[in-house]
Amino acid sequence: MTIRVLLADDQTLVREAFAMLVESARDMAVVGQAATGRQAVELARRARADLVVMDIRMPDLDGIEATRLIAADEDLAGVRVLVLTTYDTDENIVEALRAGASGFLVKDTRPAELLDAIRTVAAGESLLSPGPTARLIERFLRGPVAPASGGPECLSDREREVLGLVARGLNNTEIADALGLSPLTAKTHVSRIMGKLSARDRAQLVIVAYESGMVTPGSI
């Protein structure tokens with residue numbers, strides 16, 4: 001299956017470089033390029049993209065708001081968003097994850113890592129590098145806030161254990177090993193947790209774990 005990729009960045013050279021790389025992969029195709037967040041939302045609808053590589057800092061409508069609009073659109077329910085960040089300066093990455101992004105990508109990543117990241121997110125996974133993602137969230141969430149209704153308090157003890165491990169960057173196999181479960185059982189727990197918390201993916205589970213105080217800065 002060909003992964004239909006939409007590239008959103010206000011720098012033409014960056015878009016063109018990414019486009020050349022994506023087109024070099026046999027299992028991917030660039031279906032559009034957007035210079036603003038508003039264009040990204042419109043093209044996601046028209047081009048029937050599977051995944052949007054979204055820069056945060058763009059004119060007209062920034063990548064966070066564009067991500068929020070895509071995530072809230074029922075017609076775009078299957079579209080994944082992979083946000084671009086400069087890592088050290090983009091504190092807004094946490095807001096992008098809250099808005100519905102499935103993960104983040106550092107702009108100076110190696111070409112092969114970009115392609116692997118696109119495949120990972122397009123396949124339904126959420127965190128490209130769970131450890132760095134968790135550390136980034138830890139860095140910018142200054143402390144827990146009161147959990148909203150439908151938060152971790154609605155989970156069973158086992159599900160709370162699983163959520164804590166997800167927030168620490170463990171994949172399903174690692175969670176299974178840590179808790180003495182089968183990988184399938186671990187995957188089932190993660191899916192149920194997503195359902196109970198109305199989370200699109202693992203990235204949002206990490207946010208919930210931090211904001212509820214289940215995982216606190218310095219615990220990773």
# chains A, B, ... in the order shown; residues from 1 in each chain; ligands from 1
>>> residues_around(residues="range 101-112 of chain A", least_positions_apart="4", cutoff="8 Å", atoms="only C-alpha atoms", output="NGL selection string")
:A and (21 or 67 or 71 or 80-87 or 93 or 96-97 or 116-117 or 121 or 125-128 or 133 or 200-204)
>>> select_by_dssp(residues="chain A", states="helix (DSSP H, G or I)", output="PyMOL selection string")
chain A and resi 12-23+37-47+63-72+74-76+93-99+111-122+130-140+152-154+157-167+172-179+183-197+202-211
>>> residues_around(residues="Asp75 in chain A", least_positions_apart="2", cutoff="12 Å", atoms="only C-alpha atoms", output="ChimeraX atom specification")
/A:41-42,44-46,48-49,69-73,77-79
>>> write_last_selection(atoms="C-alpha atoms", output="PDB file, in the first residue's frame")
ATOM      1  CA  VAL A  41      -6.089  21.514   6.170  1.00  0.00           C
ATOM      2  CA  GLU A  42      -7.625  22.139   2.746  1.00  0.00           C
ATOM      3  CA  ALA A  44      -5.642  17.090   3.553  1.00  0.00           C
ATOM      4  CA  ARG A  45      -9.298  17.058   2.560  1.00  0.00           C
ATOM      5  CA  ARG A  46      -8.789  17.323  -1.200  1.00  0.00           C
ATOM      6  CA  ARG A  48      -6.994  12.336   0.669  1.00  0.00           C
ATOM      7  CA  ALA A  49      -3.655  12.195   2.460  1.00  0.00           C
ATOM      8  CA  LEU A  69      -8.741  21.205  12.777  1.00  0.00           C
ATOM      9  CA  ILE A  70      -7.636  17.989  11.095  1.00  0.00           C
ATOM     10  CA  ALA A  71      -8.069  15.945  14.275  1.00  0.00           C
ATOM     11  CA  ALA A  72     -11.549  17.387  14.862  1.00  0.00           C
ATOM     12  CA  ASP A  73     -12.782  16.735  11.320  1.00  0.00           C
ATOM     13  CA  ALA A  77     -10.460  10.636  10.983  1.00  0.00           C
ATOM     14  CA  GLY A  78      -7.864   8.429   9.328  1.00  0.00           C
ATOM     15  CA  VAL A  79      -5.332  11.194   8.698  1.00  0.00           C
TER      16      VAL A  79
END
>>> select_by_dssp(residues="chain A", states="strand (DSSP E)", output="MDAnalysis selection string")
chainID A and resid 3:8 28:34 51:55 80:85 103:106
>>> write_last_selection(atoms="N, CA, C and O atoms", output="mmCIF file, in the first residue's frame")
data_model
loop_
_atom_site.group_PDB
_atom_site.id
_atom_site.type_symbol
_atom_site.label_atom_id
_atom_site.label_comp_id
_atom_site.auth_asym_id
_atom_site.auth_seq_id
_atom_site.Cartn_x
_atom_site.Cartn_y
_atom_site.Cartn_z
ATOM 1 N N ILE A 3 1.719 4.983 0.886
ATOM 2 C CA ILE A 3 1.381 5.975 1.905
ATOM 3 C C ILE A 3 1.310 7.338 1.232
ATOM 4 O O ILE A 3 2.294 7.805 0.643
ATOM 5 N N ARG A 4 0.161 7.980 1.318
ATOM 6 C CA ARG A 4 -0.051 9.280 0.683
ATOM 7 C C ARG A 4 0.338 10.371 1.682
ATOM 8 O O ARG A 4 -0.291 10.521 2.723
ATOM 9 N N VAL A 5 1.399 11.115 1.336
ATOM 10 C CA VAL A 5 1.993 12.073 2.267
ATOM 11 C C VAL A 5 1.754 13.505 1.801
ATOM 12 O O VAL A 5 1.981 13.839 0.634
ATOM 13 N N LEU A 6 1.312 14.341 2.732
ATOM 14 C CA LEU A 6 1.172 15.780 2.494
ATOM 15 C C LEU A 6 2.245 16.497 3.299
ATOM 16 O O LEU A 6 2.412 16.227 4.491
ATOM 17 N N LEU A 7 2.981 17.395 2.666
ATOM 18 C CA LEU A 7 4.069 18.116 3.319
ATOM 19 C C LEU A 7 3.644 19.558 3.568
ATOM 20 O O LEU A 7 3.254 20.262 2.636
ATOM 21 N N ALA A 8 3.725 19.998 4.820
ATOM 22 C CA ALA A 8 3.328 21.364 5.177
ATOM 23 C C ALA A 8 4.487 22.074 5.865
ATOM 24 O O ALA A 8 4.873 21.729 6.978
ATOM 25 N N MET A 28 5.763 5.185 -0.819
ATOM 26 C CA MET A 28 5.234 6.502 -0.475
ATOM 27 C C MET A 28 5.040 7.366 -1.714
ATOM 28 O O MET A 28 5.697 7.164 -2.742
ATOM 29 N N ALA A 29 4.150 8.336 -1.588
ATOM 30 C CA ALA A 29 3.927 9.307 -2.656
ATOM 31 C C ALA A 29 3.529 10.633 -2.039
ATOM 32 O O ALA A 29 2.749 10.674 -1.081
ATOM 33 N N VAL A 30 4.076 11.711 -2.560
ATOM 34 C CA VAL A 30 3.698 13.051 -2.109
ATOM 35 C C VAL A 30 2.443 13.464 -2.869
ATOM 36 O O VAL A 30 2.444 13.521 -4.095
ATOM 37 N N VAL A 31 1.377 13.751 -2.140
ATOM 38 C CA VAL A 31 0.112 14.109 -2.791
ATOM 39 C C VAL A 31 -0.187 15.594 -2.691
ATOM 40 O O VAL A 31 -1.207 16.056 -3.197
ATOM 41 N N GLY A 32 0.712 16.345 -2.050
ATOM 42 C CA GLY A 32 0.505 17.784 -1.976
ATOM 43 C C GLY A 32 1.548 18.448 -1.109
ATOM 44 O O GLY A 32 2.203 17.806 -0.285
ATOM 45 N N GLN A 33 1.699 19.765 -1.335
ATOM 46 C CA GLN A 33 2.597 20.573 -0.519
ATOM 47 C C GLN A 33 1.863 21.837 -0.109
ATOM 48 O O GLN A 33 1.197 22.476 -0.931
ATOM 49 N N ALA A 34 1.983 22.192 1.152
ATOM 50 C CA ALA A 34 1.289 23.368 1.681
ATOM 51 C C ALA A 34 2.293 24.312 2.325
ATOM 52 O O ALA A 34 3.197 23.878 3.033
ATOM 53 N N LEU A 51 -1.158 10.885 5.749
ATOM 54 C CA LEU A 51 -0.305 11.458 6.788
ATOM 55 C C LEU A 51 0.141 12.853 6.370
ATOM 56 O O LEU A 51 0.458 13.086 5.209
ATOM 57 N N VAL A 52 0.150 13.769 7.338
ATOM 58 C CA VAL A 52 0.635 15.125 7.102
ATOM 59 C C VAL A 52 1.900 15.345 7.916
ATOM 60 O O VAL A 52 1.901 15.143 9.136
ATOM 61 N N VAL A 53 2.978 15.715 7.246
ATOM 62 C CA VAL A 53 4.194 16.134 7.940
ATOM 63 C C VAL A 53 4.049 17.638 8.136
ATOM 64 O O VAL A 53 4.105 18.403 7.181
ATOM 65 N N MET A 54 3.826 18.061 9.370
ATOM 66 C CA MET A 54 3.364 19.421 9.668
ATOM 67 C C MET A 54 4.392 20.238 10.446
ATOM 68 O O MET A 54 4.767 19.882 11.569
ATOM 69 N N ASP A 55 4.832 21.336 9.858
ATOM 70 C CA ASP A 55 5.690 22.264 10.587
ATOM 71 C C ASP A 55 4.831 23.025 11.588
ATOM 72 O O ASP A 55 3.654 23.291 11.338
ATOM 73 N N ARG A 80 -3.231 10.970 9.858
ATOM 74 C CA ARG A 80 -2.280 11.136 10.954
ATOM 75 C C ARG A 80 -1.452 12.394 10.728
ATOM 76 O O ARG A 80 -1.171 12.765 9.588
ATOM 77 N N VAL A 81 -1.061 13.034 11.819
ATOM 78 C CA VAL A 81 -0.226 14.233 11.738
ATOM 79 C C VAL A 81 1.085 13.996 12.473
ATOM 80 O O VAL A 81 1.093 13.584 13.637
ATOM 81 N N LEU A 82 2.167 14.252 11.774
ATOM 82 C CA LEU A 82 3.513 14.145 12.325
ATOM 83 C C LEU A 82 4.097 15.549 12.332
ATOM 84 O O LEU A 82 4.330 16.121 11.276
ATOM 85 N N VAL A 83 4.283 16.136 13.505
ATOM 86 C CA VAL A 83 4.701 17.533 13.561
ATOM 87 C C VAL A 83 6.219 17.663 13.523
ATOM 88 O O VAL A 83 6.949 16.806 14.019
ATOM 89 N N LEU A 84 6.669 18.768 12.938
ATOM 90 C CA LEU A 84 8.089 19.085 12.868
ATOM 91 C C LEU A 84 8.458 20.037 13.986
ATOM 92 O O LEU A 84 7.718 20.971 14.281
ATOM 93 N N THR A 85 9.593 19.814 14.599
ATOM 94 C CA THR A 85 10.048 20.666 15.683
ATOM 95 C C THR A 85 11.555 20.852 15.619
ATOM 96 O O THR A 85 12.267 20.012 15.080
ATOM 97 N N GLY A 103 2.770 12.336 16.916
ATOM 98 C CA GLY A 103 4.165 12.271 17.309
ATOM 99 C C GLY A 103 4.912 13.477 16.784
ATOM 100 O O GLY A 103 4.318 14.406 16.224
ATOM 101 N N PHE A 104 6.209 13.498 16.984
ATOM 102 C CA PHE A 104 6.989 14.631 16.507
ATOM 103 C C PHE A 104 8.234 14.148 15.798
ATOM 104 O O PHE A 104 8.694 13.016 15.989
ATOM 105 N N LEU A 105 8.761 15.032 14.967
ATOM 106 C CA LEU A 105 9.959 14.730 14.197
ATOM 107 C C LEU A 105 10.905 15.909 14.304
ATOM 108 O O LEU A 105 10.505 17.055 14.096
ATOM 109 N N VAL A 106 12.137 15.655 14.662
ATOM 110 C CA VAL A 106 13.140 16.709 14.730
ATOM 111 C C VAL A 106 13.555 17.080 13.304
ATOM 112 O O VAL A 106 13.789 16.210 12.471
#
>>> residues_around(residues="Leu205 in chain A", least_positions_apart="3", cutoff="8 Å", atoms="only C-alpha atoms", output="PyMOL selection string")
chain A and resi 163+166-167+194+197+199+201-202+208-209
>>> residues_around(residues="Asp60 in chain A", least_positions_apart="6", cutoff="10 Å", atoms="only C-alpha atoms", output="JSON list (two decimals) with C-alpha atoms, in the first residue's frame")
[["chain", "number", "residue", "atom", "x", "y", "z"],
["A", 35, "ALA", "CA", 2.99, 26.62, 2.67],
["A", 36, "THR", "CA", 0.48, 27.54, 5.40],
["A", 37, "GLY", "CA", -1.55, 25.70, 7.98],
["A", 38, "ARG", "CA", -4.80, 26.60, 6.26],
["A", 39, "GLN", "CA", -3.54, 25.16, 3.00],
["A", 66, "ALA", "CA", -4.06, 23.10, 11.62]]
>>> atom_distance(atom1="CA of Glu153 in chain A", atom2="CA of Ile64 in chain A")
28.2 Å
>>> closest_residue(among="A:Ala176, A:Leu181, A:Leu170, A:Leu155", to="Lys196 in chain A", atoms="only C-alpha atoms")
A:Leu155
>>> closest_residue(among="A:Ala99, A:His189, A:Leu179, A:Met214", to="Ser156 in chain A", atoms="only C-alpha atoms")
A:His189
>>> atom_distance(atom1="CA of Arg15 in chain A", atom2="CA of Leu61 in chain A")
17.2 Å
